[in-house]
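Notes to accompany the following structure.
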Amino acid sequence: MTYPSAPEDLALHGVRVLGFPTASRVAARYGLDADAVQEALLDFEARGWVRRSSFAGSSGWSLSDAGRAENERRLARELDRAGAREAVTSAHTAFVPLNRRFGKACTDWQIRPSRTDRMASNDHTDWPWDERVLRTLASVGTSFAELCGRLSECLARFDGYADRYSSALQKVDLGQRVWVDGHDRDSCHMLWVQFHEDLLATLGIPRGSDT
């Protein structure tokens with residue numbers, strides 16, 4: 001049976017996964033009431049778990065070190081209550097090689113070595129090169145959907161990643177190439193980063209230690 005996360009836990013976790021979000025963005029991601037998320041974040045701010053700040057004309061929430069520790073404590077408790085530790089650990093094991101394939105594809109999307117510069121930026125004029133990358137992203141997406149399906153059977157908050165990834169790829173197929181790695185939207189790359197952070201936080205694994 002799928003285990004639903006508590007709304008307050010999602011409010012805290014959403015700050016970590018989404019990275020500098022507004023309360024309304026966290027609410028939209030998890031289908032929560034925006035006012036309730038705002039109230040929860042204000043309470044967390046009083047406890048020293050989150051902070052609100054502004055940068056380059058935008059404002060959002062971020063976790064403090066204490067907030068990250070509290071987030072991981074709550075996720076560990078949820079994992080044990082759901083009886084999902086073994087399933088999530090297995091999913092992470094399967095994700096590691098998939099993550100390497102995705103990372104290589106994103107690098108190839110951004111860099112196209114030339115005869116004179118091995119780190120030359122990809123100007124996207126070599127269509128066979130780009131199409132090979134997009135085929136890899138689609139293949140990875142199929143495996144990613146299967147992985148997300150396994151996880152969402154245990155923990156409800158993993159539902160939605162695969163659909164958003166598929167939606168981004170569909171926009172890419174329509175010629176909107178910014179949906180591969182754009183940082184201002186739910187692009188393939190941003191969703192992948194968020195999922196990876198979600199998985200690491202759930203298992204309490206430090207970022208960079210599973211590469």
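Please note that chains go A, B, ... in the order of the structure tokens, that every chain numbers its residues from 1, and that ligands are numbered from 1 in the order shown.
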Would you kindly return, as an MDAnalysis selection string, each protein, DNA or RNA residue with an atom no farther than 12 Å from any atom of Asp159 of chain A, considering only C-alpha atoms and excluding same-chain residues fewer than 2 positions away? chainID A and resid 2:5 29:31 144:157 161:165 195 198
Take the selection from the previous step and output its residues with C-alpha atoms, as a CSV table (one decimal), in the first residue's frame.
```
chain,number,residue,atom,x,y,z
A,2,THR,CA,1.3,3.5,-0.9
A,3,TYR,CA,2.3,5.5,2.2
A,4,PRO,CA,1.2,9.1,2.1
A,5,SER,CA,3.6,11.7,3.6
A,29,ARG,CA,4.1,20.2,-6.4
A,30,TYR,CA,2.5,18.1,-3.7
A,31,GLY,CA,-1.2,19.2,-4.1
A,144,PHE,CA,13.1,6.0,-15.0
A,145,ALA,CA,9.4,5.5,-15.3
A,146,GLU,CA,9.7,1.9,-14.2
A,147,LEU,CA,11.8,3.0,-11.2
A,148,CYS,CA,9.4,5.7,-10.2
A,149,GLY,CA,6.6,3.3,-10.5
A,150,ARG,CA,8.3,0.9,-8.0
A,151,LEU,CA,9.0,3.8,-5.6
A,152,SER,CA,5.5,5.3,-5.8
A,153,GLU,CA,4.0,2.0,-4.8
A,154,CYS,CA,5.8,2.4,-1.5
A,155,LEU,CA,5.9,6.2,-1.0
A,156,ALA,CA,3.3,8.4,-2.6
A,157,ARG,CA,5.5,11.5,-2.9
A,161,TYR,CA,8.4,12.5,-11.5
A,162,ALA,CA,8.0,10.2,-14.5
A,163,ASP,CA,5.0,12.0,-15.9
A,164,ARG,CA,6.8,15.3,-15.7
A,165,TYR,CA,9.9,13.9,-17.3
A,195,PHE,CA,14.5,13.1,-8.0
A,198,ASP,CA,14.7,13.1,-3.0
```
Extract, using only C-alpha atoms, all DNA, RNA and protein residues at most 12 Å from Leu42 of chain A, discarding same-chain residues fewer than 4 positions from it, and format them as number ranges by chain. A: 8, 11-12, 23, 35-38, 46-52, 61
Suppose we keep all heavy atoms; can you now write the selection as a short mmCIF file (atom, residue, chain, number, x, y, z; two decimals), in the first residue's frame?
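That gives us result.cif:
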```cif
data_model
loop_
_atom_site.label_atom_id
_atom_site.label_comp_id
_atom_site.auth_asym_id
_atom_site.auth_seq_id
_atom_site.Cartn_x
_atom_site.Cartn_y
_atom_site.Cartn_z
N GLU A 8 2.94 18.44 6.61
CA GLU A 8 4.02 19.24 7.18
C GLU A 8 5.38 18.69 6.75
O GLU A 8 6.33 19.45 6.51
CB GLU A 8 3.92 19.28 8.70
CG GLU A 8 2.85 20.24 9.22
CD GLU A 8 3.05 20.57 10.69
OE1 GLU A 8 3.93 19.96 11.32
OE2 GLU A 8 2.32 21.43 11.19
N ALA A 11 6.02 19.87 3.29
CA ALA A 11 6.37 21.29 3.24
C ALA A 11 7.86 21.47 3.48
O ALA A 11 8.53 22.24 2.77
CB ALA A 11 5.57 22.06 4.29
N LEU A 12 8.39 20.75 4.46
CA LEU A 12 9.83 20.84 4.75
C LEU A 12 10.64 20.18 3.64
O LEU A 12 11.64 20.74 3.17
CB LEU A 12 10.12 20.17 6.09
CG LEU A 12 11.56 20.29 6.62
CD1 LEU A 12 11.91 21.74 6.91
CD2 LEU A 12 11.72 19.44 7.89
N ALA A 23 6.36 29.15 -1.15
CA ALA A 23 5.40 28.25 -0.52
C ALA A 23 4.39 27.74 -1.54
O ALA A 23 3.99 26.57 -1.50
CB ALA A 23 4.69 28.98 0.62
N ASP A 35 -1.76 28.17 1.76
CA ASP A 35 -1.76 28.87 3.05
C ASP A 35 -1.23 27.95 4.16
O ASP A 35 -0.49 28.40 5.05
CB ASP A 35 -3.16 29.35 3.41
CG ASP A 35 -3.63 30.49 2.52
OD1 ASP A 35 -2.76 31.17 1.94
OD2 ASP A 35 -4.85 30.69 2.40
N ALA A 36 -1.59 26.67 4.11
CA ALA A 36 -1.11 25.71 5.11
C ALA A 36 0.40 25.52 4.99
O ALA A 36 1.10 25.42 6.01
CB ALA A 36 -1.84 24.38 4.95
N VAL A 37 0.91 25.48 3.76
CA VAL A 37 2.35 25.35 3.56
C VAL A 37 3.08 26.59 4.10
O VAL A 37 4.11 26.48 4.77
CB VAL A 37 2.69 25.14 2.07
CG1 VAL A 37 4.20 25.23 1.83
CG2 VAL A 37 2.17 23.79 1.60
N GLN A 38 2.53 27.75 3.81
CA GLN A 38 3.12 29.00 4.30
C GLN A 38 3.18 29.00 5.83
O GLN A 38 4.20 29.38 6.42
CB GLN A 38 2.33 30.19 3.79
CG GLN A 38 2.85 31.55 4.24
CD GLN A 38 4.16 31.95 3.58
OE1 GLN A 38 4.62 31.27 2.65
NE2 GLN A 38 4.77 33.01 4.05
N ALA A 46 10.70 29.68 12.67
CA ALA A 46 10.85 29.98 14.10
C ALA A 46 11.70 28.93 14.80
O ALA A 46 12.39 29.23 15.79
CB ALA A 46 9.47 30.05 14.75
N ARG A 47 11.70 27.72 14.29
CA ARG A 47 12.50 26.64 14.88
C ARG A 47 13.93 26.62 14.34
O ARG A 47 14.75 25.82 14.79
CB ARG A 47 11.83 25.30 14.58
CG ARG A 47 10.47 25.10 15.25
CD ARG A 47 9.77 23.88 14.68
NE ARG A 47 8.44 23.71 15.24
CZ ARG A 47 8.15 22.89 16.24
NH1 ARG A 47 9.10 22.16 16.81
NH2 ARG A 47 6.91 22.80 16.68
N GLY A 48 14.19 27.47 13.34
CA GLY A 48 15.54 27.54 12.77
C GLY A 48 15.82 26.50 11.71
O GLY A 48 16.98 26.26 11.37
N TRP A 49 14.76 25.90 11.16
CA TRP A 49 14.94 24.87 10.16
C TRP A 49 14.97 25.41 8.74
O TRP A 49 15.56 24.79 7.85
CB TRP A 49 13.82 23.83 10.27
CG TRP A 49 13.83 23.07 11.55
CD1 TRP A 49 14.87 22.97 12.45
CD2 TRP A 49 12.74 22.32 12.11
NE1 TRP A 49 14.50 22.21 13.53
CE2 TRP A 49 13.20 21.78 13.34
CE3 TRP A 49 11.44 22.04 11.69
CZ2 TRP A 49 12.40 20.99 14.15
CZ3 TRP A 49 10.64 21.24 12.49
CH2 TRP A 49 11.11 20.72 13.71
N VAL A 50 14.31 26.52 8.50
CA VAL A 50 14.30 27.12 7.17
C VAL A 50 14.55 28.62 7.30
O VAL A 50 14.39 29.20 8.38
CB VAL A 50 12.96 26.90 6.42
CG1 VAL A 50 12.69 25.42 6.22
CG2 VAL A 50 11.80 27.56 7.16
N ARG A 51 14.95 29.21 6.19
CA ARG A 51 15.11 30.67 6.16
C ARG A 51 14.56 31.19 4.84
O ARG A 51 14.62 30.51 3.81
CB ARG A 51 16.58 31.06 6.32
CG ARG A 51 17.48 30.55 5.23
CD ARG A 51 18.91 31.06 5.41
NE ARG A 51 19.54 30.47 6.56
CZ ARG A 51 20.23 29.32 6.53
NH1 ARG A 51 20.37 28.66 5.39
NH2 ARG A 51 20.80 28.85 7.62
N ARG A 52 14.01 32.38 4.89
CA ARG A 52 13.49 33.01 3.68
C ARG A 52 14.43 34.13 3.28
O ARG A 52 14.87 34.93 4.11
CB ARG A 52 12.08 33.56 3.93
CG ARG A 52 11.43 34.19 2.73
CD ARG A 52 9.95 34.47 2.96
NE ARG A 52 9.69 35.01 4.30
CZ ARG A 52 8.47 35.26 4.75
NH1 ARG A 52 7.42 35.01 3.99
NH2 ARG A 52 8.31 35.77 5.95
N TRP A 61 12.49 29.95 -0.09
CA TRP A 61 12.88 29.32 1.16
C TRP A 61 14.04 28.36 0.93
O TRP A 61 14.17 27.77 -0.13
CB TRP A 61 11.70 28.53 1.73
CG TRP A 61 10.55 29.39 2.16
CD1 TRP A 61 9.48 29.78 1.40
CD2 TRP A 61 10.34 29.96 3.46
NE1 TRP A 61 8.62 30.56 2.13
CE2 TRP A 61 9.11 30.68 3.40
CE3 TRP A 61 11.05 29.94 4.66
CZ2 TRP A 61 8.60 31.37 4.50
CZ3 TRP A 61 10.55 30.61 5.75
CH2 TRP A 61 9.34 31.31 5.68
#
```
Using atom CA of Val17 of chain A and atom CA of Arg207 of chain A as the two end points, give the distance in Å to one decimal. 12.5 Å
Write out as a count of residues only each polymer residue whose atoms come within 12 Å of Lys104 of chain A, counting only C-alpha atoms; drop sequence neighbours fewer than 6 positions from it. 12
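Closest approach to Gly204 of chain A among A:Ser54, A:Gln176, A:Thr93, A:Asn71 is made by A:Asn71 (distances from only C-alpha atoms).
Shell of Glu197 of chain A at 9 Å, with only C-alpha atoms counted and residues fewer than 4 places along the chain excluded, is Arg16, Val17, Trp192, Val193, Ala201, Thr202 and Arg207 of chain A.
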Check segment 21-145 of chain A with DSSP on the backbone and list each residue it calls helix (DSSP H, G or I), as JSON, numbers by chain. {"A": [23, 24, 25, 26, 27, 28, 29, 30, 34, 35, 36, 37, 38, 39, 40, 41, 42, 43, 44, 45, 46, 47, 65, 66, 67, 68, 69, 70, 71, 72, 73, 74, 75, 76, 77, 78, 79, 80, 81, 82, 85, 86, 87, 88, 89, 90, 91, 92, 93, 94, 95, 96, 97, 98, 99, 100, 101, 102, 103, 104, 105, 106, 107, 108, 109, 110, 127, 128, 129, 130, 131, 132, 133, 134, 135, 136, 137, 138, 139, 140, 141, 142, 143, 144, 145]}
In Å, with one decimal, what is the gap from atom CA of Arg185 of chain A to atom CA of Asp123 of chain A? 21.3 Å
